[in-house]
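Reproduced below: work-v1.pdb, with PDB, N, CA and C atoms.
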ATOM      1  N   MET A   1       0.841  -1.166   0.000  1.00  0.00           N
ATOM      2  CA  MET A   1       0.000   0.000   0.000  1.00  0.00           C
ATOM      3  C   MET A   1       0.893   1.238   0.000  1.00  0.00           C
ATOM      4  N   ASP A   2       0.552   2.216  -0.824  1.00  0.00           N
ATOM      5  CA  ASP A   2       1.289   3.471  -0.856  1.00  0.00           C
ATOM      6  C   ASP A   2       0.858   4.349   0.309  1.00  0.00           C
ATOM      7  N   THR A   3       1.794   5.096   0.861  1.00  0.00           N
ATOM      8  CA  THR A   3       1.477   6.022   1.939  1.00  0.00           C
ATOM      9  C   THR A   3       1.906   7.422   1.549  1.00  0.00           C
ATOM     10  N   ILE A   4       1.257   8.402   2.128  1.00  0.00           N
ATOM     11  CA  ILE A   4       1.582   9.800   1.903  1.00  0.00           C
ATOM     12  C   ILE A   4       1.891  10.415   3.254  1.00  0.00           C
ATOM     13  N   ALA A   5       3.055  11.028   3.379  1.00  0.00           N
ATOM     14  CA  ALA A   5       3.432  11.690   4.623  1.00  0.00           C
ATOM     15  C   ALA A   5       2.826  13.098   4.638  1.00  0.00           C
ATOM     16  N   ILE A   6       2.081  13.385   5.684  1.00  0.00           N
ATOM     17  CA  ILE A   6       1.483  14.707   5.858  1.00  0.00           C
ATOM     18  C   ILE A   6       2.141  15.351   7.068  1.00  0.00           C
ATOM     19  N   PRO A   7       2.786  16.506   6.880  1.00  0.00           N
ATOM     20  CA  PRO A   7       3.499  17.125   7.995  1.00  0.00           C
ATOM     21  C   PRO A   7       2.549  17.616   9.081  1.00  0.00           C
ATOM     22  N   VAL A   8       3.021  17.578  10.319  1.00  0.00           N
ATOM     23  CA  VAL A   8       2.252  18.076  11.462  1.00  0.00           C
ATOM     24  C   VAL A   8       2.464  19.580  11.554  1.00  0.00           C
ATOM     25  N   LEU A   9       1.381  20.327  11.704  1.00  0.00           N
ATOM     26  CA  LEU A   9       1.480  21.780  11.828  1.00  0.00           C
ATOM     27  C   LEU A   9       1.597  22.163  13.296  1.00  0.00           C
ATOM     28  N   ASN A  10       2.327  23.199  13.571  1.00  0.00           N
ATOM     29  CA  ASN A  10       2.505  23.669  14.939  1.00  0.00           C
ATOM     30  C   ASN A  10       1.646  24.889  15.245  1.00  0.00           C
ATOM     31  N   CYS A  11       0.640  25.117  14.415  1.00  0.00           N
ATOM     32  CA  CYS A  11      -0.255  26.258  14.634  1.00  0.00           C
ATOM     33  C   CYS A  11      -1.669  25.853  14.225  1.00  0.00           C
ATOM     34  N   PRO A  12      -2.667  26.584  14.719  1.00  0.00           N
ATOM     35  CA  PRO A  12      -4.054  26.264  14.336  1.00  0.00           C
ATOM     36  C   PRO A  12      -4.271  26.466  12.838  1.00  0.00           C
ATOM     37  N   VAL A  13      -5.182  25.698  12.296  1.00  0.00           N
ATOM     38  CA  VAL A  13      -5.513  25.803  10.882  1.00  0.00           C
ATOM     39  C   VAL A  13      -6.867  26.488  10.757  1.00  0.00           C
ATOM     40  N   ASP A  14      -6.925  27.524   9.954  1.00  0.00           N
ATOM     41  CA  ASP A  14      -8.182  28.205   9.662  1.00  0.00           C
ATOM     42  C   ASP A  14      -8.511  27.888   8.212  1.00  0.00           C
ATOM     43  N   ALA A  15      -9.447  26.986   8.006  1.00  0.00           N
ATOM     44  CA  ALA A  15      -9.721  26.516   6.653  1.00  0.00           C
ATOM     45  C   ALA A  15     -11.208  26.311   6.441  1.00  0.00           C
ATOM     46  N   THR A  16     -11.587  26.280   5.193  1.00  0.00           N
ATOM     47  CA  THR A  16     -12.960  26.001   4.797  1.00  0.00           C
ATOM     48  C   THR A  16     -12.952  24.763   3.924  1.00  0.00           C
ATOM     49  N   ARG A  17     -13.904  23.880   4.142  1.00  0.00           N
ATOM     50  CA  ARG A  17     -14.006  22.641   3.360  1.00  0.00           C
ATOM     51  C   ARG A  17     -15.308  22.683   2.590  1.00  0.00           C
ATOM     52  N   GLU A  18     -15.226  22.592   1.256  1.00  0.00           N
ATOM     53  CA  GLU A  18     -16.429  22.520   0.437  1.00  0.00           C
ATOM     54  C   GLU A  18     -16.898  21.073   0.350  1.00  0.00           C
ATOM     55  N   ILE A  19     -18.173  20.872   0.499  1.00  0.00           N
ATOM     56  CA  ILE A  19     -18.738  19.528   0.406  1.00  0.00           C
ATOM     57  C   ILE A  19     -18.852  19.164  -1.067  1.00  0.00           C
ATOM     58  N   PRO A  20     -18.319  18.004  -1.470  1.00  0.00           N
ATOM     59  CA  PRO A  20     -18.382  17.617  -2.879  1.00  0.00           C
ATOM     60  C   PRO A  20     -19.823  17.422  -3.344  1.00  0.00           C
ATOM     61  N   VAL A  21     -20.070  17.797  -4.571  1.00  0.00           N
ATOM     62  CA  VAL A  21     -21.401  17.626  -5.153  1.00  0.00           C
ATOM     63  C   VAL A  21     -21.702  16.157  -5.385  1.00  0.00           C
ATOM     64  N   SER A  22     -20.671  15.393  -5.712  1.00  0.00           N
ATOM     65  CA  SER A  22     -20.850  13.979  -6.004  1.00  0.00           C
ATOM     66  C   SER A  22     -21.373  13.233  -4.782  1.00  0.00           C
ATOM     67  N   LYS A  23     -22.194  12.238  -5.012  1.00  0.00           N
ATOM     68  CA  LYS A  23     -22.718  11.416  -3.923  1.00  0.00           C
ATOM     69  C   LYS A  23     -21.961  10.095  -3.816  1.00  0.00           C
ATOM     70  N   SER A  24     -20.779  10.022  -4.400  1.00  0.00           N
ATOM     71  CA  SER A  24     -20.037   8.765  -4.385  1.00  0.00           C
ATOM     72  C   SER A  24     -19.604   8.418  -2.965  1.00  0.00           C
ATOM     73  N   ILE A  25     -19.467   7.153  -2.701  1.00  0.00           N
ATOM     74  CA  ILE A  25     -19.057   6.670  -1.382  1.00  0.00           C
ATOM     75  C   ILE A  25     -17.644   7.157  -1.046  1.00  0.00           C
ATOM     76  N   THR A  26     -16.803   7.295  -2.066  1.00  0.00           N
ATOM     77  CA  THR A  26     -15.442   7.762  -1.825  1.00  0.00           C
ATOM     78  C   THR A  26     -15.449   9.204  -1.341  1.00  0.00           C
ATOM     79  N   ASN A  27     -16.223  10.063  -1.978  1.00  0.00           N
ATOM     80  CA  ASN A  27     -16.287  11.454  -1.536  1.00  0.00           C
ATOM     81  C   ASN A  27     -16.886  11.578  -0.145  1.00  0.00           C
ATOM     82  N   ARG A  28     -17.859  10.752   0.161  1.00  0.00           N
ATOM     83  CA  ARG A  28     -18.434  10.771   1.513  1.00  0.00           C
ATOM     84  C   ARG A  28     -17.394  10.341   2.544  1.00  0.00           C
ATOM     85  N   ALA A  29     -16.616   9.322   2.210  1.00  0.00           N
ATOM     86  CA  ALA A  29     -15.564   8.852   3.114  1.00  0.00           C
ATOM     87  C   ALA A  29     -14.515   9.935   3.336  1.00  0.00           C
ATOM     88  N   LEU A  30     -14.141  10.652   2.278  1.00  0.00           N
ATOM     89  CA  LEU A  30     -13.173  11.739   2.415  1.00  0.00           C
ATOM     90  C   LEU A  30     -13.703  12.846   3.311  1.00  0.00           C
ATOM     91  N   LEU A  31     -14.973  13.170   3.180  1.00  0.00           N
ATOM     92  CA  LEU A  31     -15.573  14.207   4.013  1.00  0.00           C
ATOM     93  C   LEU A  31     -15.580  13.796   5.482  1.00  0.00           C
ATOM     94  N   VAL A  32     -15.977  12.568   5.763  1.00  0.00           N
ATOM     95  CA  VAL A  32     -16.001  12.082   7.141  1.00  0.00           C
ATOM     96  C   VAL A  32     -14.592  12.049   7.720  1.00  0.00           C
ATOM     97  N   ALA A  33     -13.624  11.608   6.937  1.00  0.00           N
ATOM     98  CA  ALA A  33     -12.235  11.581   7.400  1.00  0.00           C
ATOM     99  C   ALA A  33     -11.722  12.984   7.668  1.00  0.00           C
ATOM    100  N   ASP A  34     -12.158  13.925   6.856  1.00  0.00           N
ATOM    101  CA  ASP A  34     -11.766  15.322   7.022  1.00  0.00           C
ATOM    102  C   ASP A  34     -12.258  15.872   8.362  1.00  0.00           C
ATOM    103  N   LEU A  35     -13.423  15.448   8.787  1.00  0.00           N
ATOM    104  CA  LEU A  35     -14.023  15.951  10.021  1.00  0.00           C
ATOM    105  C   LEU A  35     -13.616  15.153  11.262  1.00  0.00           C
ATOM    106  N   ALA A  36     -13.119  13.960  11.072  1.00  0.00           N
ATOM    107  CA  ALA A  36     -12.801  13.076  12.190  1.00  0.00           C
ATOM    108  C   ALA A  36     -11.490  13.476  12.863  1.00  0.00           C
ATOM    109  N   PRO A  37     -11.447  13.349  14.195  1.00  0.00           N
ATOM    110  CA  PRO A  37     -10.176  13.601  14.888  1.00  0.00           C
ATOM    111  C   PRO A  37      -9.217  12.431  14.663  1.00  0.00           C
ATOM    112  N   GLY A  38      -7.940  12.705  14.698  1.00  0.00           N
ATOM    113  CA  GLY A  38      -6.946  11.631  14.584  1.00  0.00           C
ATOM    114  C   GLY A  38      -6.719  11.197  13.151  1.00  0.00           C
ATOM    115  N   ASP A  39      -6.132  10.026  13.006  1.00  0.00           N
ATOM    116  CA  ASP A  39      -5.777   9.488  11.703  1.00  0.00           C
ATOM    117  C   ASP A  39      -6.950   8.741  11.086  1.00  0.00           C
ATOM    118  N   SER A  40      -7.025   8.784   9.777  1.00  0.00           N
ATOM    119  CA  SER A  40      -8.030   8.015   9.040  1.00  0.00           C
ATOM    120  C   SER A  40      -7.310   7.100   8.062  1.00  0.00           C
ATOM    121  N   ILE A  41      -7.756   5.871   7.978  1.00  0.00           N
ATOM    122  CA  ILE A  41      -7.172   4.900   7.062  1.00  0.00           C
ATOM    123  C   ILE A  41      -8.257   4.475   6.079  1.00  0.00           C
ATOM    124  N   PHE A  42      -7.943   4.578   4.792  1.00  0.00           N
ATOM    125  CA  PHE A  42      -8.901   4.186   3.771  1.00  0.00           C
ATOM    126  C   PHE A  42      -8.551   2.802   3.258  1.00  0.00           C
ATOM    127  N   LEU A  43      -9.535   1.930   3.317  1.00  0.00           N
ATOM    128  CA  LEU A  43      -9.402   0.600   2.733  1.00  0.00           C
ATOM    129  C   LEU A  43      -9.959   0.659   1.322  1.00  0.00           C
ATOM    130  N   ASP A  44      -9.924  -0.420   0.632  1.00  0.00           N
ATOM    131  CA  ASP A  44     -10.529  -0.495  -0.692  1.00  0.00           C
ATOM    132  C   ASP A  44     -12.029  -0.269  -0.529  1.00  0.00           C
ATOM    133  N   VAL A  45     -12.533   0.835  -1.037  1.00  0.00           N
ATOM    134  CA  VAL A  45     -13.947   1.214  -0.841  1.00  0.00           C
ATOM    135  C   VAL A  45     -14.886   0.158  -1.375  1.00  0.00           C
ATOM    136  N   ARG A  46     -14.481  -0.547  -2.402  1.00  0.00           N
ATOM    137  CA  ARG A  46     -15.375  -1.576  -2.973  1.00  0.00           C
ATOM    138  C   ARG A  46     -15.685  -2.675  -1.976  1.00  0.00           C
ATOM    139  N   THR A  47     -14.816  -2.886  -0.976  1.00  0.00           N
ATOM    140  CA  THR A  47     -15.045  -3.963  -0.017  1.00  0.00           C
ATOM    141  C   THR A  47     -16.016  -3.552   1.080  1.00  0.00           C
ATOM    142  N   ILE A  48     -16.232  -2.248   1.287  1.00  0.00           N
ATOM    143  CA  ILE A  48     -17.113  -1.808   2.370  1.00  0.00           C
ATOM    144  C   ILE A  48     -18.409  -1.213   1.849  1.00  0.00           C
ATOM    145  N   ARG A  49     -18.586  -1.152   0.544  1.00  0.00           N
ATOM    146  CA  ARG A  49     -19.757  -0.493  -0.033  1.00  0.00           C
ATOM    147  C   ARG A  49     -21.066  -1.030   0.527  1.00  0.00           C
ATOM    148  N   GLY A  50     -21.199  -2.323   0.677  1.00  0.00           N
ATOM    149  CA  GLY A  50     -22.438  -2.908   1.161  1.00  0.00           C
ATOM    150  C   GLY A  50     -22.640  -2.751   2.666  1.00  0.00           C
ATOM    151  N   GLU A  51     -21.629  -2.300   3.386  1.00  0.00           N
ATOM    152  CA  GLU A  51     -21.723  -2.198   4.842  1.00  0.00           C
ATOM    153  C   GLU A  51     -22.140  -0.815   5.316  1.00  0.00           C
ATOM    154  N   LEU A  52     -22.243   0.161   4.418  1.00  0.00           N
ATOM    155  CA  LEU A  52     -22.610   1.528   4.836  1.00  0.00           C
ATOM    156  C   LEU A  52     -24.072   1.776   4.656  1.00  0.00           C
TER     157      LEU A  52
END
Same coordinates, now as C-alpha cells:
Amino acid sequence: MDTIAIPVLNCPVDATREIPVSKSITNRALLVADLAPGDSIFLDVRTIRGEL
C-alpha cells in the first residue's frame, strides 16, 4: 500500500471545506475523514460499499 506523509502543523488551521457535489461513497468517506479527529485509514472502498 502506498502512503503519503502529511506534515504536522505547529499552529491552528483556519480553513474552509467545500462539500463535494458527487454522492459517491469515496467522496463521503473523504468528508467524514476530514471531520474526524486523529488518523483516518482508507481501505478499498469496494469492499465496504455494502456495509454503509
Chain and number of each residue from the PyMOL selection byres (((chain A and resi 30-41 and name CA) around 10) and name CA), as number ranges by chain | A: 17-20, 25-29, 42-43
Hey, can I get the axis-aligned box for segment 4-15 of chain A? All listed atoms, 8 Å padding on each side, centre and edge lengths in Å to one decimal, as AutoDock Vina command-line options.
--center_x -3.9 --center_y 18.3 --center_z 8.6 --size_x 30.7 --size_y 35.8 --size_z 29.3
To one decimal place, how far is atom CA of Thr16 of chain A from atom CA of Ile4 of chain A in Å?
-> 22.0 Å
